[in-house]
$ cat protein22.pdb   # PDB, C-alpha atoms
ATOM      1  CA  MET A   1      36.889  49.638 -28.698
ATOM      2  CA  SER A   2      39.319  51.036 -26.166
ATOM      3  CA  GLU A   3      36.628  53.470 -24.985
ATOM      4  CA  ALA A   4      34.350  50.609 -24.012
ATOM      5  CA  GLN A   5      37.144  48.864 -22.183
ATOM      6  CA  VAL A   6      38.112  51.962 -20.307
ATOM      7  CA  GLY A   7      34.430  52.264 -19.357
ATOM      8  CA  ARG A   8      34.651  48.899 -17.667
ATOM      9  CA  SER A   9      37.611  49.772 -15.501
ATOM     10  CA  PRO A  10      36.938  49.843 -11.747
ATOM     11  CA  ILE A  11      37.224  53.596 -11.290
ATOM     12  CA  ASP A  12      35.387  55.708 -13.803
ATOM     13  CA  PRO A  13      33.580  58.676 -12.251
ATOM     14  CA  ALA A  14      31.755  59.623 -15.440
ATOM     15  CA  ARG A  15      30.399  56.149 -15.948
ATOM     16  CA  ASP A  16      29.512  55.879 -12.266
ATOM     17  CA  GLY A  17      27.595  59.122 -12.567
ATOM     18  CA  ILE A  18      25.518  57.811 -15.448
ATOM     19  CA  PHE A  19      24.948  54.560 -13.628
ATOM     20  CA  LYS A  20      23.905  56.307 -10.424
ATOM     21  CA  LYS A  21      21.488  58.599 -12.205
ATOM     22  CA  GLU A  22      19.673  55.674 -13.746
ATOM     23  CA  LEU A  23      19.770  53.664 -10.534
ATOM     24  CA  VAL A  24      18.135  56.546  -8.661
ATOM     25  CA  THR A  25      15.240  56.608 -11.111
ATOM     26  CA  LEU A  26      14.664  52.925 -10.393
ATOM     27  CA  ILE A  27      14.419  53.269  -6.598
ATOM     28  CA  PRO A  28      10.635  53.801  -6.583
ATOM     29  CA  HIS A  29      10.173  50.660  -8.668
ATOM     30  CA  LEU A  30      12.497  48.631  -6.477
ATOM     31  CA  ARG A  31      10.522  49.749  -3.429
ATOM     32  CA  ALA A  32       7.255  48.723  -5.059
ATOM     33  CA  PHE A  33       8.562  45.312  -6.089
ATOM     34  CA  ALA A  34      10.045  44.752  -2.637
ATOM     35  CA  ARG A  35       6.726  45.698  -1.038
ATOM     36  CA  THR A  36       4.923  43.035  -3.034
ATOM     37  CA  LEU A  37       7.514  40.397  -2.138
ATOM     38  CA  THR A  38       7.630  41.093   1.588
ATOM     39  CA  GLY A  39       4.182  42.564   2.163
ATOM     40  CA  ASP A  40       5.700  44.809   4.813
ATOM     41  CA  PRO A  41       6.771  48.420   4.134
ATOM     42  CA  THR A  42       9.734  48.447   6.555
ATOM     43  CA  ALA A  43      11.122  45.082   5.496
ATOM     44  CA  ALA A  44      10.553  46.131   1.888
ATOM     45  CA  ASP A  45      12.640  49.288   2.224
ATOM     46  CA  ASP A  46      15.443  47.316   3.874
ATOM     47  CA  LEU A  47      15.333  44.872   0.990
ATOM     48  CA  ALA A  48      15.224  47.649  -1.618
ATOM     49  CA  GLN A  49      18.209  49.392   0.011
ATOM     50  CA  ASP A  50      20.206  46.165   0.081
ATOM     51  CA  ALA A  51      19.402  45.546  -3.564
ATOM     52  CA  MET A  52      20.308  49.113  -4.489
ATOM     53  CA  MET A  53      23.705  48.751  -2.802
ATOM     54  CA  LYS A  54      24.328  45.352  -4.373
ATOM     55  CA  ALA A  55      23.600  46.900  -7.759
ATOM     56  CA  TRP A  56      25.950  49.783  -6.982
ATOM     57  CA  ASP A  57      28.736  47.437  -5.904
ATOM     58  CA  ALA A  58      28.254  45.365  -9.046
ATOM     59  CA  ARG A  59      28.048  48.389 -11.346
ATOM     60  CA  ALA A  60      31.262  47.455 -13.189
ATOM     61  CA  SER A  61      29.604  44.260 -14.393
ATOM     62  CA  PHE A  62      26.550  46.068 -15.738
ATOM     63  CA  GLN A  63      26.600  46.975 -19.387
ATOM     64  CA  LEU A  64      25.286  50.497 -19.779
ATOM     65  CA  GLY A  65      22.441  50.738 -22.236
ATOM     66  CA  THR A  66      20.989  47.338 -21.384
ATOM     67  CA  ASN A  67      17.880  46.868 -19.242
ATOM     68  CA  MET A  68      18.878  48.156 -15.815
ATOM     69  CA  LYS A  69      15.370  47.802 -14.435
ATOM     70  CA  ALA A  70      15.294  44.066 -15.121
ATOM     71  CA  TRP A  71      18.852  43.727 -13.831
ATOM     72  CA  THR A  72      18.109  45.452 -10.522
ATOM     73  CA  PHE A  73      14.835  43.542 -10.106
ATOM     74  CA  MET A  74      16.785  40.319 -10.522
ATOM     75  CA  ILE A  75      19.262  41.436  -7.858
ATOM     76  CA  LEU A  76      16.430  42.369  -5.502
ATOM     77  CA  ARG A  77      14.664  39.074  -6.075
ATOM     78  CA  ASN A  78      17.843  37.048  -5.454
ATOM     79  CA  GLN A  79      18.466  39.033  -2.294
ATOM     80  CA  PHE A  80      14.928  38.354  -1.083
ATOM     81  CA  TYR A  81      15.142  34.614  -1.631
ATOM     82  CA  SER A  82      18.607  34.264  -0.128
ATOM     83  CA  GLU A  83      17.407  36.051   3.016
ATOM     84  CA  LYS A  84      14.294  33.931   3.063
ATOM     85  CA  ARG A  85      16.339  30.745   2.856
ATOM     86  CA  ARG A  86      18.414  31.889   5.764
ATOM     87  CA  SER A  87      15.718  32.902   8.149
ATOM     88  CA  TRP A  88      12.292  31.600   7.269
ATOM     89  CA  ARG A  89      10.655  28.289   6.653
ATOM     90  CA  GLN A  90       8.491  28.399   3.568
ATOM     91  CA  SER A  91       5.271  27.529   5.384
ATOM     92  CA  GLN A  92       5.832  30.250   7.934
ATOM     93  CA  LEU A  93       6.523  32.810   5.280
ATOM     94  CA  ASP A  94       3.157  32.608   3.583
ATOM     95  CA  GLN A  95       1.252  32.838   6.818
ATOM     96  CA  GLU A  96       3.447  35.592   8.214
ATOM     97  CA  ALA A  97       3.322  37.586   5.019
ATOM     98  CA  ALA A  98      -0.443  37.332   5.035
ATOM     99  CA  GLU A  99      -0.614  38.499   8.631
ATOM    100  CA  ARG A 100       1.849  41.323   8.144
ATOM    101  CA  THR A 101      -0.094  42.511   5.168
ATOM    102  CA  LEU A 102      -3.142  42.861   7.373
ATOM    103  CA  VAL A 103      -1.366  45.523   9.394
ATOM    104  CA  ALA A 104       0.667  46.927   6.520
ATOM    105  CA  VAL A 105      -2.166  48.962   5.132
ATOM    106  CA  ASP A 106      -1.392  52.455   6.302
ATOM    107  CA  ASP A 107      -4.270  54.385   4.890
ATOM    108  CA  PRO A 108      -7.670  53.465   6.352
ATOM    109  CA  GLU A 109      -9.308  55.577   3.658
ATOM    110  CA  ALA A 110      -7.787  53.468   0.892
ATOM    111  CA  PRO A 111     -10.340  51.764  -1.307
ATOM    112  CA  VAL A 112     -11.430  48.469   0.201
ATOM    113  CA  ALA A 113     -10.852  46.691  -3.069
ATOM    114  CA  LEU A 114      -7.137  47.490  -3.028
ATOM    115  CA  ASP A 115      -6.958  46.297   0.515
ATOM    116  CA  GLU A 116      -8.545  43.017  -0.461
ATOM    117  CA  LEU A 117      -6.205  42.663  -3.403
ATOM    118  CA  ARG A 118      -3.171  43.134  -1.179
ATOM    119  CA  MET A 119      -4.332  40.484   1.240
ATOM    120  CA  SER A 120      -5.254  38.102  -1.541
ATOM    121  CA  LEU A 121      -1.881  38.579  -3.222
ATOM    122  CA  ALA A 122      -0.130  37.704   0.019
ATOM    123  CA  MET A 123      -1.876  34.341  -0.090
ATOM    124  CA  LEU A 124      -0.576  33.302  -3.494
ATOM    125  CA  PRO A 125       2.431  31.004  -3.718
ATOM    126  CA  PRO A 126       5.487  33.317  -3.971
ATOM    127  CA  GLU A 127       6.469  32.240  -7.475
ATOM    128  CA  GLN A 128       2.978  32.977  -8.780
ATOM    129  CA  ARG A 129       2.792  36.288  -6.970
ATOM    130  CA  GLU A 130       6.086  37.577  -8.352
ATOM    131  CA  ALA A 131       5.274  36.464 -11.908
ATOM    132  CA  LEU A 132       1.933  38.238 -11.816
ATOM    133  CA  ILE A 133       3.438  41.389 -10.316
ATOM    134  CA  LEU A 134       6.277  41.578 -12.819
ATOM    135  CA  VAL A 135       4.038  41.092 -15.841
ATOM    136  CA  GLY A 136       0.779  42.553 -14.590
ATOM    137  CA  ALA A 137       2.078  45.570 -12.693
ATOM    138  CA  GLY A 138       5.794  46.012 -13.334
ATOM    139  CA  GLY A 139       5.382  46.313 -17.088
ATOM    140  CA  PHE A 140       7.812  43.529 -17.955
ATOM    141  CA  ALA A 141       7.441  41.295 -20.977
ATOM    142  CA  TYR A 142       7.202  37.559 -20.297
ATOM    143  CA  GLU A 143      10.757  37.184 -21.581
ATOM    144  CA  GLU A 144      12.097  39.813 -19.186
ATOM    145  CA  ALA A 145      10.180  38.304 -16.275
ATOM    146  CA  ALA A 146      11.689  34.929 -17.161
ATOM    147  CA  ASP A 147      15.191  36.451 -17.027
ATOM    148  CA  ILE A 148      14.471  38.082 -13.681
ATOM    149  CA  CYS A 149      13.116  34.860 -12.174
ATOM    150  CA  GLY A 150      15.675  32.611 -13.845
ATOM    151  CA  CYS A 151      13.098  30.337 -15.428
ATOM    152  CA  ALA A 152      11.620  29.523 -18.832
ATOM    153  CA  VAL A 153       9.216  31.896 -20.574
ATOM    154  CA  GLY A 154       6.539  29.182 -20.606
ATOM    155  CA  THR A 155       6.901  28.789 -16.852
ATOM    156  CA  VAL A 156       6.271  32.497 -16.358
ATOM    157  CA  LYS A 157       3.210  32.354 -18.606
ATOM    158  CA  SER A 158       1.738  29.448 -16.714
ATOM    159  CA  ARG A 159       2.483  31.047 -13.329
ATOM    160  CA  VAL A 160       0.817  34.286 -14.383
ATOM    161  CA  SER A 161      -2.231  32.450 -15.598
ATOM    162  CA  ARG A 162      -2.499  30.377 -12.427
ATOM    163  CA  ALA A 163      -1.985  33.452 -10.300
ATOM    164  CA  ARG A 164      -4.824  35.253 -12.086
ATOM    165  CA  ARG A 165      -7.203  32.398 -11.477
ATOM    166  CA  ALA A 166      -6.199  31.870  -7.887
ATOM    167  CA  LEU A 167      -6.461  35.583  -7.157
ATOM    168  CA  GLN A 168      -9.933  35.679  -8.586
ATOM    169  CA  ALA A 169     -10.981  32.634  -6.573
ATOM    170  CA  ILE A 170      -9.615  34.150  -3.364
ATOM    171  CA  LEU A 171     -11.273  37.517  -4.007
ATOM    172  CA  GLU A 172     -14.624  35.954  -4.785
ATOM    173  CA  SER A 173     -14.636  33.576  -1.869
ATOM    174  CA  GLY A 174     -13.604  36.229   0.639
ATOM    175  CA  GLY A 175     -10.651  34.001   1.554
ATOM    176  CA  TYR A 176      -8.680  37.135   2.402
ATOM    177  CA  ASP A 177     -10.731  37.582   5.586
ATOM    178  CA  ARG A 178      -8.979  39.413   8.345
ATOM    179  CA  ASP A 179      -9.336  36.603  10.847
ATOM    180  CA  GLY A 180      -5.698  35.502  10.943
ATOM    181  CA  GLY A 181      -5.298  31.752  11.328
ATOM    182  CA  ALA A 182      -8.644  30.759   9.916
ATOM    183  CA  ALA A 183      -7.817  32.640   6.758
ATOM    184  CA  GLY A 184      -4.731  30.456   6.424
ATOM    185  CA  ASP A 185      -6.781  27.248   6.388
ATOM    186  CA  ALA A 186      -9.334  28.666   3.996
ATOM    187  CA  MET A 187      -6.534  29.894   1.789
ATOM    188  CA  HIS A 188      -4.936  26.483   1.447
ATOM    189  CA  ALA A 189      -8.259  24.938   0.513
ATOM    190  CA  ILE A 190      -8.952  27.635  -2.038
ATOM    191  CA  LEU A 191      -5.504  27.490  -3.559
ATOM    192  CA  ALA A 192      -5.589  23.720  -3.770
ATOM    193  CA  ASP A 193      -8.903  23.835  -5.590
ATOM    194  CA  ALA A 194      -7.919  26.696  -7.868
ATOM    195  CA  GLU A 195      -4.757  24.812  -8.749
ATOM    196  CA  ARG A 196      -6.698  21.621  -9.397
ATOM    197  CA  LEU A 197      -9.161  23.414 -11.642
ATOM    198  CA  SER A 198      -6.491  25.198 -13.637
ATOM    199  CA  THR A 199      -4.325  22.130 -14.200
ATOM    200  CA  GLN A 200      -7.248  20.046 -15.429
ATOM    201  CA  ARG A 201      -7.837  22.341 -18.368
TER
ATOM    202  CA  MET B   1     -18.630  22.586 -23.676
ATOM    203  CA  ARG B   2     -16.132  21.069 -21.334
ATOM    204  CA  ASN B   3     -14.456  24.440 -20.912
ATOM    205  CA  VAL B   4     -17.745  26.154 -20.230
ATOM    206  CA  ALA B   5     -18.655  23.618 -17.586
ATOM    207  CA  LEU B   6     -15.264  23.970 -15.994
ATOM    208  CA  THR B   7     -15.441  27.742 -15.905
ATOM    209  CA  SER B   8     -18.891  27.745 -14.422
ATOM    210  CA  SER B   9     -17.788  25.349 -11.729
ATOM    211  CA  ILE B  10     -14.916  27.684 -10.846
ATOM    212  CA  TYR B  11     -17.486  30.382 -10.347
ATOM    213  CA  THR B  12     -19.796  28.239  -8.298
ATOM    214  CA  PHE B  13     -16.835  27.313  -6.231
ATOM    215  CA  GLY B  14     -15.892  30.918  -5.654
ATOM    216  CA  ARG B  15     -19.352  32.063  -4.688
ATOM    217  CA  ARG B  16     -19.784  29.269  -2.230
ATOM    218  CA  GLY B  17     -16.721  30.506  -0.479
ATOM    219  CA  ARG B  18     -15.299  28.337   2.211
ATOM    220  CA  THR B  19     -17.608  25.432   1.585
ATOM    221  CA  LEU B  20     -15.584  25.133  -1.568
ATOM    222  CA  ARG B  21     -13.327  22.706   0.181
ATOM    223  CA  THR B  22     -16.099  20.121   0.147
ATOM    224  CA  THR B  23     -16.574  20.450  -3.624
ATOM    225  CA  GLY B  24     -16.022  16.984  -5.070
ATOM    226  CA  VAL B  25     -14.806  15.832  -8.436
ATOM    227  CA  GLU B  26     -18.420  15.002  -9.330
ATOM    228  CA  ASP B  27     -19.110  18.730  -9.491
ATOM    229  CA  MET B  28     -16.643  18.980 -12.320
ATOM    230  CA  ILE B  29     -18.226  16.314 -14.488
ATOM    231  CA  GLU B  30     -21.878  16.845 -13.682
ATOM    232  CA  HIS B  31     -24.316  17.132 -16.552
ATOM    233  CA  VAL B  32     -24.728  20.747 -17.653
ATOM    234  CA  PRO B  33     -28.247  21.676 -18.834
ATOM    235  CA  MET B  34     -28.710  24.228 -21.644
ATOM    236  CA  GLU B  35     -29.701  26.957 -19.249
ATOM    237  CA  ASP B  36     -26.477  26.563 -17.317
ATOM    238  CA  GLN B  37     -24.485  26.635 -20.516
ATOM    239  CA  ARG B  38     -25.890  30.053 -21.256
ATOM    240  CA  LYS B  39     -25.009  31.127 -17.761
ATOM    241  CA  GLY B  40     -21.552  29.672 -18.393
ATOM    242  CA  ALA B  41     -21.050  31.910 -21.416
ATOM    243  CA  ALA B  42     -22.205  34.915 -19.419
ATOM    244  CA  SER B  43     -19.783  34.091 -16.643
ATOM    245  CA  LEU B  44     -16.970  33.815 -19.195
ATOM    246  CA  ASP B  45     -17.577  37.465 -20.059
ATOM    247  CA  GLU B  46     -17.851  38.211 -16.387
ATOM    248  CA  ALA B  47     -14.546  36.444 -15.835
ATOM    249  CA  ARG B  48     -12.863  38.562 -18.483
ATOM    250  CA  LEU B  49     -14.204  41.746 -16.911
ATOM    251  CA  ARG B  50     -13.117  40.676 -13.474
ATOM    252  CA  GLN B  51      -9.626  39.862 -14.722
ATOM    253  CA  GLN B  52      -9.419  43.295 -16.300
ATOM    254  CA  ALA B  53     -10.490  44.849 -13.031
ATOM    255  CA  ILE B  54      -7.869  42.844 -11.156
ATOM    256  CA  GLY B  55      -5.238  43.962 -13.660
ATOM    257  CA  VAL B  56      -6.144  47.612 -13.203
ATOM    258  CA  LYS B  57      -6.064  47.288  -9.424
ATOM    259  CA  LEU B  58      -2.769  45.430  -9.534
ATOM    260  CA  ARG B  59      -1.118  48.281 -11.439
ATOM    261  CA  GLN B  60      -2.802  50.797  -9.160
ATOM    262  CA  MET B  61      -1.400  49.022  -6.099
ATOM    263  CA  PHE B  62       2.100  48.919  -7.574
ATOM    264  CA  ASP B  63       2.005  52.502  -8.834
ATOM    265  CA  GLU B  64       0.830  53.699  -5.449
ATOM    266  CA  VAL B  65       4.202  52.690  -4.020
ATOM    267  CA  VAL B  66       6.115  53.875  -7.099
ATOM    268  CA  ASN B  67       4.569  57.324  -6.629
ATOM    269  CA  GLU B  68       5.453  57.563  -2.952
ATOM    270  CA  PRO B  69       8.296  59.964  -2.190
ATOM    271  CA  VAL B  70      11.566  58.033  -1.827
ATOM    272  CA  PRO B  71      12.810  58.121   1.786
ATOM    273  CA  ASP B  72      15.993  60.235   2.142
ATOM    274  CA  GLU B  73      17.778  57.191   3.506
ATOM    275  CA  PHE B  74      18.111  55.720   0.023
ATOM    276  CA  LEU B  75      19.945  58.696  -1.416
ATOM    277  CA  ASP B  76      22.024  59.127   1.747
ATOM    278  CA  ILE B  77      23.283  55.563   1.544
ATOM    279  CA  LEU B  78      24.073  55.897  -2.122
ATOM    280  CA  ARG B  79      25.863  59.207  -1.586
ATOM    281  CA  LYS B  80      28.023  57.677   1.144
ATOM    282  CA  ALA B  81      28.886  54.707  -1.044
ATOM    283  CA  GLU B  82      29.773  56.951  -3.945
ATOM    284  CA  LYS B  83      32.268  59.007  -1.976
ATOM    285  CA  PRO B  84      35.781  57.617  -1.836
ATOM    286  CA  SER B  85      36.400  56.168   1.597
ATOM    287  CA  GLY B  86      38.164  58.453   4.097
ATOM    288  CA  GLU B  87      41.148  56.154   4.287
ATOM    289  CA  ARG B  88      42.450  57.303   0.954
TER
END
$ encode --input "protein22.pdb" --output "structure tokens"
Amino acid sequence: MSEAQVGRSPIDPARDGIFKKELVTLIPHLRAFARTLTGDPTAADDLAQDAMMKAWDARASFQLGTNMKAWTFMILRNQFYSEKRRSWRQSQLDQEAAERTLVAVDDPEAPVALDELRMSLAMLPPEQREALILVGAGGFAYEEAADICGCAVGTVKSRVSRARRALQAILESGGYDRDGGAAGDAMHAILADAERLSTQR
Amino acid sequence: MRNVALTSSIYTFGRRGRTLRTTGVEDMIEHVPMEDQRKGAASLDEARLRQQAIGVKLRQMFDEVVNEPVPDEFLDILRKAEKPSGER
């Protein structure tokens, strides 16, 4: 009992050491999640560093032994959306993220399919994109993804399913074309139709 | 049957690409001949395969970043934060 309480005190080098060790192992995952949210490697690393430091500063409130990956992903996500609210209008974000993603592909030898997937992902509504990434790539259960996003499990399920359909529609239609603005118009049409089709089920 | 028709119209929509925008509601409720129903079943399988492929690529894309070396900056920042501040 007293051990646990001592562990929660502000200065505890041993506990900090354990916390730091685990946090360090999560950095690659935070970078990957940030990359999918921002679509831009530099902005993503800034975001991941901010999230890492927020997690470090809040370490006293984290209960060791619980899911630190989900906890840090939640911090990163909150950080992303609070920055977005400050500086970007929603409509600009989608278009800008799509455009940045076009230049964010470093390796010209990378398989074309991955390239297309990146660009298509950038065109999804943010809440669908993050749900699909968390469940489809991050290895989170629907329940964990719901905790990270602060929404109901059913909402996550429906977002993932819509994201899958929309992604497929974009990939098949070639709506990820590299021609900047035109791709934006095509994207809205495709997303509107994909959404219509999936809600009529 | 309704589901099959719906799925096949999603596919038609996708293949037609940008003309998709002009697809009307009538496309969703059009009569589906037997032949098209069979095609619909085939495209359901196709859809499942494509979703699997997307899933694999999604993880590949994510893991690509996970497997990148972490820039030194991250550990530097953490190390600085961990050290007691010089004022003490």
$ resolve_selection --input "protein22.pdb" --expression "the ChimeraX specification (/B :<6) & /A" --output "JSON, numbers by chain"
{"A": [28, 29, 32, 137, 169, 172, 173, 189]}
$ resolve_selection --input "protein22.pdb" --expression "the PyMOL selection byres ((chain A and resi 14-26) around 12)" --output "ChimeraX atom specification"
/A:3-13,27-33,48-49,51-73,76,138 /B:66-67,69-72,74-79,81-83
$ atom_distance --input "protein22.pdb" --atom1 "CA of Arg129 (chain A)" --atom2 "CA of Thr36 (chain A)"
8.1 Å
$ axis_aligned_box --input "protein22.pdb" --around "region 118-130 of chain A" --padding-each-side "3 Å" --output "lines of an AutoDock Vina configuration file"
center_x = 0.6
center_y = 37.1
center_z = -3.8
size_x = 17.7
size_y = 18.1
size_z = 16.0
$ atom_distance --input "protein22.pdb" --atom1 "CA of Ala131 (chain A)" --atom2 "CA of Asp45 (chain B)"
24.3 Å
$ build_atoms --input "protein22.pdb" --residues "region 112-126 of chain A" --atoms "N, CA and C atoms" --output "JSON list (two decimals), in the coordinates of the input"
[["chain", "number", "residue", "atom", "x", "y", "z"],
["A", 112, "VAL", "N", -11.39, 49.82, -0.36],
["A", 112, "VAL", "CA", -11.43, 48.47, 0.20],
["A", 112, "VAL", "C", -10.91, 47.44, -0.80],
["A", 113, "ALA", "N", -11.24, 47.67, -2.06],
["A", 113, "ALA", "CA", -10.85, 46.69, -3.07],
["A", 113, "ALA", "C", -9.34, 46.49, -3.14],
["A", 114, "LEU", "N", -8.59, 47.59, -3.00],
["A", 114, "LEU", "CA", -7.14, 47.49, -3.03],
["A", 114, "LEU", "C", -6.64, 46.70, -1.84],
["A", 115, "ASP", "N", -7.25, 46.98, -0.72],
["A", 115, "ASP", "CA", -6.96, 46.30, 0.52],
["A", 115, "ASP", "C", -7.12, 44.79, 0.35],
["A", 116, "GLU", "N", -8.25, 44.44, -0.24],
["A", 116, "GLU", "CA", -8.54, 43.02, -0.46],
["A", 116, "GLU", "C", -7.54, 42.40, -1.42],
["A", 117, "LEU", "N", -7.16, 43.17, -2.43],
["A", 117, "LEU", "CA", -6.20, 42.66, -3.40],
["A", 117, "LEU", "C", -4.86, 42.40, -2.74],
["A", 118, "ARG", "N", -4.44, 43.31, -1.89],
["A", 118, "ARG", "CA", -3.17, 43.13, -1.18],
["A", 118, "ARG", "C", -3.18, 41.85, -0.36],
["A", 119, "MET", "N", -4.26, 41.66, 0.38],
["A", 119, "MET", "CA", -4.33, 40.48, 1.24],
["A", 119, "MET", "C", -4.41, 39.21, 0.42],
["A", 120, "SER", "N", -5.13, 39.29, -0.69],
["A", 120, "SER", "CA", -5.25, 38.10, -1.54],
["A", 120, "SER", "C", -3.92, 37.75, -2.19],
["A", 121, "LEU", "N", -3.20, 38.79, -2.61],
["A", 121, "LEU", "CA", -1.88, 38.58, -3.22],
["A", 121, "LEU", "C", -0.94, 37.87, -2.26],
["A", 122, "ALA", "N", -1.02, 38.27, -0.99],
["A", 122, "ALA", "CA", -0.13, 37.70, 0.02],
["A", 122, "ALA", "C", -0.37, 36.21, 0.18],
["A", 123, "MET", "N", -1.54, 35.75, -0.26],
["A", 123, "MET", "CA", -1.88, 34.34, -0.09],
["A", 123, "MET", "C", -1.43, 33.47, -1.26],
["A", 124, "LEU", "N", -1.03, 34.09, -2.34],
["A", 124, "LEU", "CA", -0.58, 33.30, -3.49],
["A", 124, "LEU", "C", 0.78, 32.69, -3.19],
["A", 125, "PRO", "N", 1.07, 31.54, -3.81],
["A", 125, "PRO", "CA", 2.43, 31.00, -3.72],
["A", 125, "PRO", "C", 3.40, 32.06, -4.25],
["A", 126, "PRO", "N", 4.57, 32.23, -3.61],
["A", 126, "PRO", "CA", 5.49, 33.32, -3.97],
["A", 126, "PRO", "C", 5.84, 33.37, -5.45]]
